[in-house]
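What's in input39.csv: CSV, C-alpha atoms
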```csv
chain,number,residue,atom,x,y,z
A,527,ALA,CA,121.4,92.3,174.9
A,528,ARG,CA,124.3,92.6,177.4
A,529,LYS,CA,123.0,90.1,180.0
A,530,ILE,CA,123.3,92.6,182.8
A,531,ALA,CA,120.5,91.2,184.9
A,532,PHE,CA,121.9,87.7,184.6
A,533,SER,CA,125.4,88.9,185.4
A,534,ASP,CA,124.2,90.9,188.4
A,535,ARG,CA,122.3,87.9,189.9
A,536,LYS,CA,125.4,85.7,189.5
A,537,MET,CA,127.8,88.2,191.0
A,538,ARG,CA,125.5,88.7,194.0
A,539,ALA,CA,125.5,84.9,194.4
A,540,GLY,CA,129.3,84.9,194.4
A,541,GLU,CA,129.8,83.6,190.9
A,542,TRP,CA,132.2,85.0,188.3
A,543,VAL,CA,130.4,84.3,185.1
A,544,LYS,CA,132.3,86.3,182.5
A,545,LYS,CA,132.5,83.5,179.9
A,546,TYR,CA,128.7,82.9,180.1
A,547,ALA,CA,127.7,86.6,179.9
A,548,GLU,CA,128.9,87.5,176.4
A,549,GLY,CA,126.3,89.9,175.0
A,550,THR,CA,125.6,91.5,171.7
A,551,GLU,CA,125.8,95.0,170.4
A,552,LEU,CA,122.7,96.9,169.2
A,553,SER,CA,124.5,98.8,166.4
A,554,GLY,CA,123.5,97.3,163.0
A,555,LYS,CA,120.8,95.1,164.5
A,556,VAL,CA,117.1,95.2,163.5
A,557,LEU,CA,114.5,96.7,165.9
A,558,GLY,CA,111.0,95.6,165.3
A,559,VAL,CA,108.4,98.0,166.7
A,560,ILE,CA,104.8,96.7,167.1
A,561,GLY,CA,102.7,99.8,167.5
A,562,ALA,CA,104.1,103.0,166.0
A,563,GLY,CA,102.1,105.6,167.9
A,564,ARG,CA,103.6,108.2,170.1
A,565,ILE,CA,105.7,105.9,172.4
A,566,GLY,CA,106.6,103.4,169.7
A,567,SER,CA,107.8,106.2,167.4
A,568,ILE,CA,109.9,107.7,170.1
A,569,VAL,CA,111.5,104.3,170.9
A,570,ALA,CA,112.1,103.8,167.2
A,571,ARG,CA,113.9,107.2,166.8
A,572,ILE,CA,116.1,106.6,169.9
A,573,CYS,CA,117.2,103.2,168.7
A,574,ARG,CA,117.7,104.4,165.1
A,575,PHE,CA,119.8,107.5,166.0
A,576,GLY,CA,121.1,106.5,169.4
A,577,PHE,CA,122.1,102.9,168.7
A,578,ASN,CA,122.3,102.9,164.9
A,579,MET,CA,119.7,100.2,164.6
A,580,GLN,CA,117.6,99.5,161.5
A,581,VAL,CA,113.9,99.9,162.2
A,582,LEU,CA,111.0,97.9,161.0
A,583,TYR,CA,107.5,98.6,162.3
A,584,TYR,CA,104.0,97.2,162.2
A,585,ASP,CA,100.9,99.2,163.0
A,586,PRO,CA,97.4,99.1,161.5
A,587,ILE,CA,97.9,102.7,160.6
A,588,ARG,CA,101.0,103.5,158.5
A,589,ASN,CA,103.3,106.2,160.0
A,590,GLN,CA,104.8,108.1,157.1
A,591,LYS,CA,106.5,110.6,159.4
A,592,LEU,CA,108.4,107.8,161.1
A,593,GLU,CA,109.4,106.4,157.8
A,594,GLU,CA,110.7,109.9,156.6
A,595,GLU,CA,112.4,110.9,159.8
A,596,ALA,CA,113.9,107.6,161.0
A,597,GLY,CA,114.1,105.5,157.8
A,598,ALA,CA,111.7,103.0,159.3
A,599,LYS,CA,110.2,100.4,157.0
A,600,TYR,CA,106.5,99.5,157.2
A,601,VAL,CA,106.1,95.7,157.2
A,602,THR,CA,103.6,93.0,158.3
A,603,LEU,CA,103.5,91.8,161.9
A,604,GLU,CA,104.9,88.4,160.7
A,605,GLU,CA,107.8,90.1,159.0
A,606,VAL,CA,108.6,92.1,162.1
A,607,LEU,CA,108.7,88.9,164.1
A,608,LYS,CA,110.8,86.9,161.6
A,609,THR,CA,113.3,89.6,161.0
A,610,ALA,CA,113.9,91.7,164.1
A,611,ASP,CA,116.7,91.1,166.6
A,612,ILE,CA,114.7,93.1,169.2
A,613,VAL,CA,110.9,93.2,169.2
A,614,THR,CA,109.3,95.9,171.3
A,615,ILE,CA,105.6,96.2,171.9
A,616,HIS,CA,103.7,99.5,172.2
A,617,VAL,CA,100.0,98.7,171.6
A,618,PRO,CA,96.9,99.3,173.7
A,619,LEU,CA,95.0,96.3,175.1
A,620,MET,CA,91.9,95.7,173.0
A,621,PRO,CA,90.1,92.5,172.0
A,622,GLU,CA,92.2,92.6,168.7
A,623,THR,CA,95.5,92.8,170.6
A,624,LYS,CA,94.8,90.3,173.5
A,625,HIS,CA,97.4,87.6,173.1
A,626,LEU,CA,98.6,89.2,169.8
A,627,ILE,CA,101.9,87.5,170.7
A,628,ASN,CA,101.0,83.9,171.2
A,629,GLU,CA,102.8,80.6,170.7
A,630,GLU,CA,102.4,80.7,166.9
A,631,LYS,CA,103.9,84.3,166.8
A,632,LEU,CA,106.7,83.5,169.2
A,633,LYS,CA,107.8,80.5,167.0
A,634,LEU,CA,108.3,83.0,164.1
A,635,MET,CA,111.0,84.9,166.0
A,636,LYS,CA,114.7,84.3,165.7
A,637,LYS,CA,116.3,82.1,168.4
A,638,THR,CA,118.6,85.0,169.1
A,639,ALA,CA,115.7,87.6,169.4
A,640,ILE,CA,114.6,89.5,172.5
A,641,LEU,CA,111.0,90.4,173.2
A,642,ILE,CA,110.2,93.6,175.2
A,643,ASN,CA,106.7,94.4,176.5
A,644,THR,CA,106.1,97.7,178.2
A,645,SER,CA,102.6,98.2,176.9
A,646,ARG,CA,100.0,95.8,178.4
A,647,GLY,CA,100.6,92.4,179.9
A,648,ALA,CA,97.8,90.5,178.1
A,649,VAL,CA,99.1,91.5,174.7
A,650,VAL,CA,101.5,88.6,175.2
A,651,ASP,CA,100.3,85.1,176.1
A,652,THR,CA,102.3,84.5,179.3
A,653,ASN,CA,102.1,80.7,179.2
A,654,ALA,CA,103.4,80.7,175.6
A,655,LEU,CA,106.2,83.1,176.5
A,656,VAL,CA,107.3,81.0,179.5
A,657,LYS,CA,107.4,78.0,177.1
A,658,ALA,CA,109.4,80.0,174.5
A,659,LEU,CA,111.9,81.1,177.1
A,660,ARG,CA,112.3,77.7,178.6
A,661,GLU,CA,112.7,75.9,175.3
A,662,GLY,CA,114.9,78.5,173.7
A,663,TRP,CA,112.6,79.6,170.9
A,664,ILE,CA,113.8,83.1,171.7
A,665,ALA,CA,116.9,84.3,173.6
A,666,GLY,CA,115.2,86.4,176.2
A,667,ALA,CA,112.5,88.9,177.2
A,668,GLY,CA,112.2,92.2,179.1
A,669,LEU,CA,108.9,92.7,180.8
A,670,ASP,CA,107.4,95.6,182.7
A,671,VAL,CA,103.7,94.5,182.4
A,672,TYR,CA,102.0,91.2,183.1
A,673,GLU,CA,98.6,89.5,182.6
A,674,GLU,CA,98.3,89.3,186.3
A,675,GLU,CA,99.6,92.3,188.4
A,676,PRO,CA,101.2,92.2,190.8
A,677,LEU,CA,103.1,89.1,189.5
A,678,PRO,CA,102.4,86.3,192.0
A,679,PRO,CA,105.4,85.0,194.1
A,680,GLY,CA,106.9,81.9,192.6
A,681,HIS,CA,105.5,82.7,189.1
A,682,PRO,CA,107.4,80.7,186.4
A,683,LEU,CA,108.8,83.9,184.9
A,684,THR,CA,110.7,84.6,188.2
A,685,THR,CA,112.6,81.3,187.8
A,686,LEU,CA,114.2,82.1,184.4
A,687,ASP,CA,117.6,83.6,183.8
A,688,ASN,CA,116.8,84.9,180.4
A,689,VAL,CA,114.1,87.4,181.4
A,690,VAL,CA,114.3,90.8,183.0
A,691,LEU,CA,111.3,91.7,185.2
A,692,THR,CA,110.3,95.1,186.5
A,693,PRO,CA,107.0,96.0,188.4
A,694,HIS,CA,105.1,98.1,185.8
A,695,ILE,CA,107.4,101.2,186.4
A,696,GLY,CA,107.6,102.4,182.8
A,697,ALA,CA,106.0,105.8,183.7
A,698,SER,CA,107.3,105.8,187.3
A,699,THR,CA,109.6,108.8,187.3
A,700,HIS,CA,109.2,112.0,189.3
A,701,GLU,CA,109.0,114.0,186.0
A,702,ALA,CA,106.4,111.7,184.4
A,703,GLN,CA,104.2,111.8,187.5
A,704,ALA,CA,104.5,115.7,187.6
A,705,ARG,CA,103.5,115.9,184.0
A,706,ALA,CA,100.5,113.7,184.6
A,707,GLY,CA,99.4,115.8,187.6
A,708,VAL,CA,99.6,119.0,185.5
A,709,LEU,CA,97.6,117.4,182.7
A,710,ILE,CA,94.9,116.3,185.0
A,711,ALA,CA,94.7,119.7,186.6
A,712,GLU,CA,94.5,121.3,183.1
A,713,LYS,CA,91.7,119.0,182.2
A,714,VAL,CA,89.7,119.7,185.4
A,715,ILE,CA,90.2,123.5,184.9
A,716,GLY,CA,89.2,123.2,181.2
A,717,PHE,CA,86.1,121.3,182.2
A,718,PHE,CA,84.9,124.0,184.6
A,719,LYS,CA,85.7,126.8,182.1
A,720,GLN,CA,84.1,125.2,179.1
A,721,LYS,CA,81.9,122.5,180.6
A,722,GLN,CA,83.6,119.8,178.6
A,723,LEU,CA,86.7,117.7,178.9
A,724,LEU,CA,89.6,118.7,176.6
```
Rendering of file as structure tokens:
Amino acid sequence: ARKIAFSDRKMRAGEWVKKYAEGTELSGKVLGVIGAGRIGSIVARICRFGFNMQVLYYDPIRNQKLEEEAGAKYVTLEEVLKTADIVTIHVPLMPETKHLINEEKLKLMKKTAILINTSRGAVVDTNALVKALREGWIAGAGLDVYEEEPLPPGHPLTTLDNVVLTPHIGASTHEAQARAGVLIAEKVIGFFKQKQLL
């Protein structure tokens, strides 16, 4: 929203691009959450209470708690895509979600919208996304996951100024890795104590 990655690249290249780097504020904007499970719900609450965003969400299972606690509105996938200023994806990869976001769905989005995918790469059709970013169907994207990992050198996504790319590091913090290690140890201990996985 603030064009930080674009501005950083230009500054490192010796370009002062202040007039081209005007961003947008999140306050008052609409967040569209696709997948309102544990992570999607946390993101929705942070954006609602931390950034004063309106929250729409789509999930096959309605999340009454999210509606009550964060004022989120349950809508169709199409309505999320047509209405949201920021669309964030938090669904598992299953046959039903592969290429859930394809060319048809990307064309529903606002030209000013930003798509964020931190769930699984194949939920978004990469070729359609590249086309959408090149042709201006949407304003930009933030990606931490890809259909092919690692992302090959020279991939078309790496040539675009309107996309932020990270190497699948969503859970790569010292704290998250420590929690994962403790959870695994608890599962192993539980298995040997009860002869079943918890």
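Proximity ranking of A:Thr644, A:Trp663, A:Ala562, A:Phe532 relative to Ile695 in chain A places A:Thr644 first, based on only C-alpha atoms.
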Practice task
Write out as a list of chain:residue names each polymer residue whose atoms come within 10 Å of Leu626 in chain A, counting only C-alpha atoms; drop sequence neighbours fewer than 4 positions from it.
Solution key: A:Leu603, A:Val617, A:Leu619, A:Met620, A:Pro621, A:Glu622, A:Glu630, A:Lys631, A:Leu632, A:Ala648, A:Val649, A:Val650, A:Asp651
- Task: Would you list the contacts of Leu634 in chain A as a list in words, taking every protein, DNA or RNA residue within 12 Å and counting all atoms listed in the file, but skipping same-chain residues closer than 3 positions in sequence?
- Result: Leu603, Glu604, Glu605, Val606, Leu607, Lys608, Thr609, Ala610, Asp611, Val613, Ile627, Asn628, Glu629, Glu630, Lys631, Lys637, Thr638, Ala639, Ala658, Trp663 and Ile664 of chain A
Among A:Ala654, A:Cys573, A:Ile560, A:Met635, Pro586 in chain A is approached most closely, using all atoms listed in the file, by A:Ile560
**Point-to-point distance from CA of Trp542 in chain A to CA of Val689 in chain A, Å rounded to tenths** =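 Calculated distance between CA of Trp542 in chain A and CA of Val689 in chain A is 19.5 Å.
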Practice problem: Between CA of Arg535 in chain A and CA of Val556 in chain A, measure the distance and give it in Å to one decimal. | Solution: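 Here the two named atoms are 27.9 Å from each other.
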For Val581 in chain A, the closest of A:Ile530, A:Leu557, A:Leu683, A:Val690 counting only C-alpha atoms is A:Leu557
Notebook entry, point to check: Nearest to Gly566 in chain A among A:Thr614, A:Ser553, A:Thr602, A:Ser533, with distances taken over all atoms listed in the file: which residue is it?
Noted result: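 Ranking A:Thr614, A:Ser553, A:Thr602, A:Ser533 by distance to Gly566 in chain A, first place goes to A:Thr614.
You can rank A:Leu592, A:Tyr583, A:Ala527, A:Lys624 by their closest distance to Ala547 in chain A using only C-alpha atoms, and at the top of that list sits A:Ala527.
CA of His694 in chain A to CA of Ala706 in chain A spans 16.3 Å [interatomic distance, one decimal].
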